[in-house]
Amino acid sequence: MKIGITLGDPAGIGPEIIIKSIPRSRYQKDIRIFGNKQILKKTAQDMRASNKYRLISNMICDCTNTVQCKYGNPTVKTGQVAMQSLDCALNSNPDILITPPIVKDVIRQFLPDFTGHTEYLASFFQAKEFAMVGVWHNKRIMLTTTHLPLRRIFSKITPKTVLYKIILLERGLRQYFGVLHPHIGVSSLNPHAHEFSLGEDEKIEQAVKAAQKRHINCHGPYPADSLFNRKFDGFLTMFHDQAMIYLKSKKDGLNFTLGLPIIRLSPLYGAALDIAGKNRAEASGLTAAIKAGVRLYKNKRRYDQKYKNIDD
């Protein structure tokens, strides 16, 4: 089992949470950190945690440029280091990939079409069926659309698109989460579901009925503001904030990219530029991501061995 950890943006909290979490991980023998020894060593010195750096130094693959940066001030150079780290990790063929936060704005200065880890990884692996899934404890929440302006979301909500996501979520719950007979709740697009719909929630309802005809146990659409109080094995939301407002209000929420040939997770927080370099970053999200990654990896292997041809 190979666990790859990327660096994230050096101007953010990525190096700090690596230094805080990896020395106490039970999976140290499986971990490789793809980054830069000088960057991590300096961050450890600034944190007065050089002893922790020494514990992880032999896990570091020194594969990115060295960059002098100011905490909280990302630049094109720090963005390039973040992407070098990611590319190096991908080229190492990990089983599990954990990605600390990056800063998209600086990356777009040299990769104009960059929208985020999820889409970049899907392109790298040429994955046609993929989705962002937020995970917190037993809440698994898939997004129908991800990083889009709100006014563009309405045209993306079609019976075909929503049905495709329901099928993908049902399969993912079986393969990665060990739920062999998933029960799925689907959100509406509009407040109060049909009450304020101009046809969008009726399209979602069509998708739910089509999924039921395929013997998928799903129901909805339900108003998104109360959906997560219901008891379902998985949830499908229509756009980013319906899921993320709930997930980011919880400690140690995770982002799982469903549909890749590897397990990829990241903590559900950004580069936290306001506290970068202040030794205040909470590292439990990275620890939780590693533990969840191992669990999902083992679940998938167990599923493949038992149900090898079920999804063919």
# chains A, B, ... in the order shown; residues from 1 in each chain; ligands from 1

$ residues_around --residues "Asp30 in chain A" --least-positions-apart "4" --cutoff "10 Å" --atoms "only C-alpha atoms" --output "number ranges by chain"
A: 1-4, 26, 59, 94, 96

$ write_last_selection --atoms "C-alpha atoms" --output "PDB file, in the first residue's frame"
ATOM      1  CA  MET A   1       0.000   0.000   0.000  1.00  0.00           C
ATOM      2  CA  LYS A   2       1.585   3.264  -1.179  1.00  0.00           C
ATOM      3  CA  ILE A   3       0.342   6.505   0.353  1.00  0.00           C
ATOM      4  CA  GLY A   4       1.418   9.703  -1.393  1.00  0.00           C
ATOM      5  CA  ARG A  26       0.540   4.690  12.237  1.00  0.00           C
ATOM      6  CA  MET A  59       9.873   9.898   3.776  1.00  0.00           C
ATOM      7  CA  PRO A  94       0.279   5.711  -5.386  1.00  0.00           C
ATOM      8  CA  ILE A  96      -3.790   6.483  -1.958  1.00  0.00           C
TER       9      ILE A  96
END

$ closest_atom_pairs --of "range 219-260 of chain A" --to "range 190-196 of chain A" --cutoff "12 Å" --atoms "only C-alpha atoms" --output "tab-separated table"
residue	atom	partner	partner_atom	distance
A:Gly220	CA	A:Ala193	CA	9.1
A:Pro221	CA	A:Ala193	CA	6.6
A:Tyr222	CA	A:Ala193	CA	6.0
A:Pro223	CA	A:His192	CA	5.0
A:Ala224	CA	A:Pro191	CA	7.4
A:Asp225	CA	A:Pro191	CA	7.9
A:Ser226	CA	A:His192	CA	9.5
A:Leu227	CA	A:His192	CA	10.8
A:Thr237	CA	A:Asn190	CA	11.1
A:Met238	CA	A:Asn190	CA	9.5
A:Phe239	CA	A:Asn190	CA	10.8
A:Gln242	CA	A:Asn190	CA	10.5

$ closest_atom_pairs --of "range 53-126 of chain A" --to "range 287-295 of chain A" --cutoff "10 Å" --atoms "only C-alpha atoms" --output "JSON lines"
{"residue": "A:Asp95", "atom": "CA", "partner": "A:Gly293", "partner_atom": "CA", "distance": 9.1}
{"residue": "A:Ile96", "atom": "CA", "partner": "A:Gly293", "partner_atom": "CA", "distance": 6.2}
{"residue": "A:Leu97", "atom": "CA", "partner": "A:Gly293", "partner_atom": "CA", "distance": 7.9}
{"residue": "A:Ile98", "atom": "CA", "partner": "A:Ala289", "partner_atom": "CA", "distance": 6.8}
{"residue": "A:Thr99", "atom": "CA", "partner": "A:Ala289", "partner_atom": "CA", "distance": 9.0}
{"residue": "A:Pro100", "atom": "CA", "partner": "A:Ala289", "partner_atom": "CA", "distance": 9.7}

$ residues_around --residues "Glu202 in chain A" --least-positions-apart "4" --cutoff "10 Å" --atoms "only C-alpha atoms" --output "ChimeraX atom specification"
/A:158-159,188-189,193-194,197-198,206-208,221

$ closest_residue --among "A:Ala210, A:Ala131, A:Ile184, A:Val162" --to "Leu260 in chain A" --atoms "only C-alpha atoms"
A:Ala131

$ residues_around --residues "Lys42 in chain A" --least-positions-apart "6" --cutoff "10 Å" --atoms "only C-alpha atoms" --output "list in words"
Pro15, Arg48, Ala49, Ser50, Tyr53 and Gln68 of chain A

$ closest_residue --among "A:Lys156, A:Gly79, A:Asp46, A:Phe256" --to "Arg140 in chain A" --atoms "only C-alpha atoms"
A:Phe256

$ select_by_dssp --residues "range 28-276 of chain A" --states "strand (DSSP E)" --output "JSON, numbers by chain"
{"A": [31, 32, 33, 34, 35, 60, 61, 62, 96, 97, 98, 131, 132, 133, 134, 135, 136, 139, 140, 141, 142, 143, 183, 184, 185, 186, 187, 217, 218, 219, 220, 221, 222, 234, 235, 236, 237, 254, 255, 256, 257, 258, 263, 264, 265, 266, 267]}

$ select_by_dssp --residues "range 24-201 of chain A" --states "alpha helix (DSSP H)" --output "PyMOL selection string"
chain A and resi 37-46+50-56+76-91+104-107+117-124+150-153+159-177+200-201

$ closest_residue --among "A:Arg174, A:Leu7, A:Ile60, A:Ser249" --to "Gln28 in chain A" --atoms "only C-alpha atoms"
A:Ile60

$ atom_distance --atom1 "CA of Ile31 in chain A" --atom2 "CA of Arg301 in chain A"
19.0 Å

$ residues_around --residues "His147 in chain A" --least-positions-apart "6" --cutoff "9 Å" --atoms "only C-alpha atoms" --output "ChimeraX atom specification"
/A:115-116,239-240

$ closest_residue --among "A:Thr146, A:Thr161, A:Gln80, A:Asn299" --to "Met244 in chain A" --atoms "only C-alpha atoms"
A:Thr146

$ closest_residue --among "A:Asn93, A:Asn58, A:Thr75, A:Thr145" --to "Pro10 in chain A" --atoms "only C-alpha atoms"
A:Thr75

$ atom_distance --atom1 "CA of Ala272 in chain A" --atom2 "CA of Gly12 in chain A"
6.1 Å

$ atom_distance --atom1 "CA of Ala122 in chain A" --atom2 "CA of Ile263 in chain A"
12.1 Å

$ residues_around --residues "Gly285 in chain A" --least-positions-apart "4" --cutoff "9 Å" --atoms "only C-alpha atoms" --output "list in words"
Ile17, Lys251, Asp252, Gly253, Leu254, Ser266, Pro267, Leu268, Tyr269, Ala289 and Ile290 of chain A

$ closest_residue --among "A:Leu236, A:Ile157, A:Ile275, A:Ile22" --to "His183 in chain A" --atoms "only C-alpha atoms"
A:Leu236

$ residues_around --residues "Cys69 in chain A" --least-positions-apart "5" --cutoff "12 Å" --atoms "only C-alpha atoms" --output "number ranges by chain"
A: 9-12, 38-39, 42-43, 74-79, 81, 276-277

$ decode --residues "range 21-42 of chain A" --atoms "N, CA and C atoms" --output "mmCIF file, in the first residue's frame"
data_model
loop_
_atom_site.group_PDB
_atom_site.id
_atom_site.type_symbol
_atom_site.label_atom_id
_atom_site.label_comp_id
_atom_site.auth_asym_id
_atom_site.auth_seq_id
_atom_site.Cartn_x
_atom_site.Cartn_y
_atom_site.Cartn_z
ATOM 1 N N SER A 21 1.240 16.151 11.528
ATOM 2 C CA SER A 21 0.471 14.905 11.519
ATOM 3 C C SER A 21 1.270 13.662 11.179
ATOM 4 N N ILE A 22 2.191 13.745 10.241
ATOM 5 C CA ILE A 22 2.869 12.533 9.757
ATOM 6 C C ILE A 22 3.727 11.852 10.825
ATOM 7 N N PRO A 23 4.434 12.585 11.702
ATOM 8 C CA PRO A 23 5.252 11.887 12.702
ATOM 9 C C PRO A 23 4.459 10.994 13.645
ATOM 10 N N ARG A 24 3.161 11.235 13.783
ATOM 11 C CA ARG A 24 2.370 10.392 14.680
ATOM 12 C C ARG A 24 1.438 9.444 13.929
ATOM 13 N N SER A 25 1.616 9.349 12.608
ATOM 14 C CA SER A 25 0.772 8.452 11.829
ATOM 15 C C SER A 25 1.206 7.006 12.020
ATOM 16 N N ARG A 26 0.236 6.113 12.101
ATOM 17 C CA ARG A 26 0.540 4.690 12.237
ATOM 18 C C ARG A 26 0.939 4.076 10.902
ATOM 19 N N TYR A 27 0.829 4.858 9.825
ATOM 20 C CA TYR A 27 1.112 4.323 8.486
ATOM 21 C C TYR A 27 2.418 4.885 7.912
ATOM 22 N N GLN A 28 3.339 5.259 8.778
ATOM 23 C CA GLN A 28 4.568 5.908 8.319
ATOM 24 C C GLN A 28 5.340 5.072 7.303
ATOM 25 N N LYS A 29 5.361 3.766 7.476
ATOM 26 C CA LYS A 29 6.145 2.924 6.568
ATOM 27 C C LYS A 29 5.570 2.927 5.152
ATOM 28 N N ASP A 30 4.307 3.333 5.001
ATOM 29 C CA ASP A 30 3.659 3.337 3.694
ATOM 30 C C ASP A 30 3.656 4.712 3.038
ATOM 31 N N ILE A 31 4.099 5.734 3.777
ATOM 32 C CA ILE A 31 3.941 7.123 3.329
ATOM 33 C C ILE A 31 5.190 7.645 2.625
ATOM 34 N N ARG A 32 4.950 8.374 1.536
ATOM 35 C CA ARG A 32 5.982 9.190 0.903
ATOM 36 C C ARG A 32 5.426 10.589 0.728
ATOM 37 N N ILE A 33 6.238 11.575 1.086
ATOM 38 C CA ILE A 33 5.845 12.978 0.966
ATOM 39 C C ILE A 33 6.527 13.555 -0.268
ATOM 40 N N PHE A 34 5.746 14.062 -1.191
ATOM 41 C CA PHE A 34 6.303 14.578 -2.444
ATOM 42 C C PHE A 34 6.360 16.098 -2.358
ATOM 43 N N GLY A 35 7.583 16.597 -2.157
ATOM 44 C CA GLY A 35 7.725 18.032 -1.961
ATOM 45 C C GLY A 35 9.158 18.485 -2.040
ATOM 46 N N ASN A 36 9.606 19.156 -0.979
ATOM 47 C CA ASN A 36 10.936 19.745 -0.974
ATOM 48 C C ASN A 36 11.461 19.755 0.460
ATOM 49 N N LYS A 37 12.610 19.142 0.651
ATOM 50 C CA LYS A 37 13.157 19.028 2.001
ATOM 51 C C LYS A 37 13.460 20.388 2.605
ATOM 52 N N GLN A 38 13.965 21.306 1.804
ATOM 53 C CA GLN A 38 14.324 22.607 2.342
ATOM 54 C C GLN A 38 13.082 23.369 2.829
ATOM 55 N N ILE A 39 12.001 23.296 2.063
ATOM 56 C CA ILE A 39 10.766 23.976 2.458
ATOM 57 C C ILE A 39 10.230 23.390 3.758
ATOM 58 N N LEU A 40 10.178 22.065 3.842
ATOM 59 C CA LEU A 40 9.653 21.426 5.042
ATOM 60 C C LEU A 40 10.564 21.646 6.247
ATOM 61 N N LYS A 41 11.859 21.627 6.015
ATOM 62 C CA LYS A 41 12.798 21.850 7.115
ATOM 63 C C LYS A 41 12.662 23.260 7.674
ATOM 64 N N LYS A 42 12.549 24.257 6.776
ATOM 65 C CA LYS A 42 12.399 25.646 7.236
ATOM 66 C C LYS A 42 11.082 25.832 7.984
#
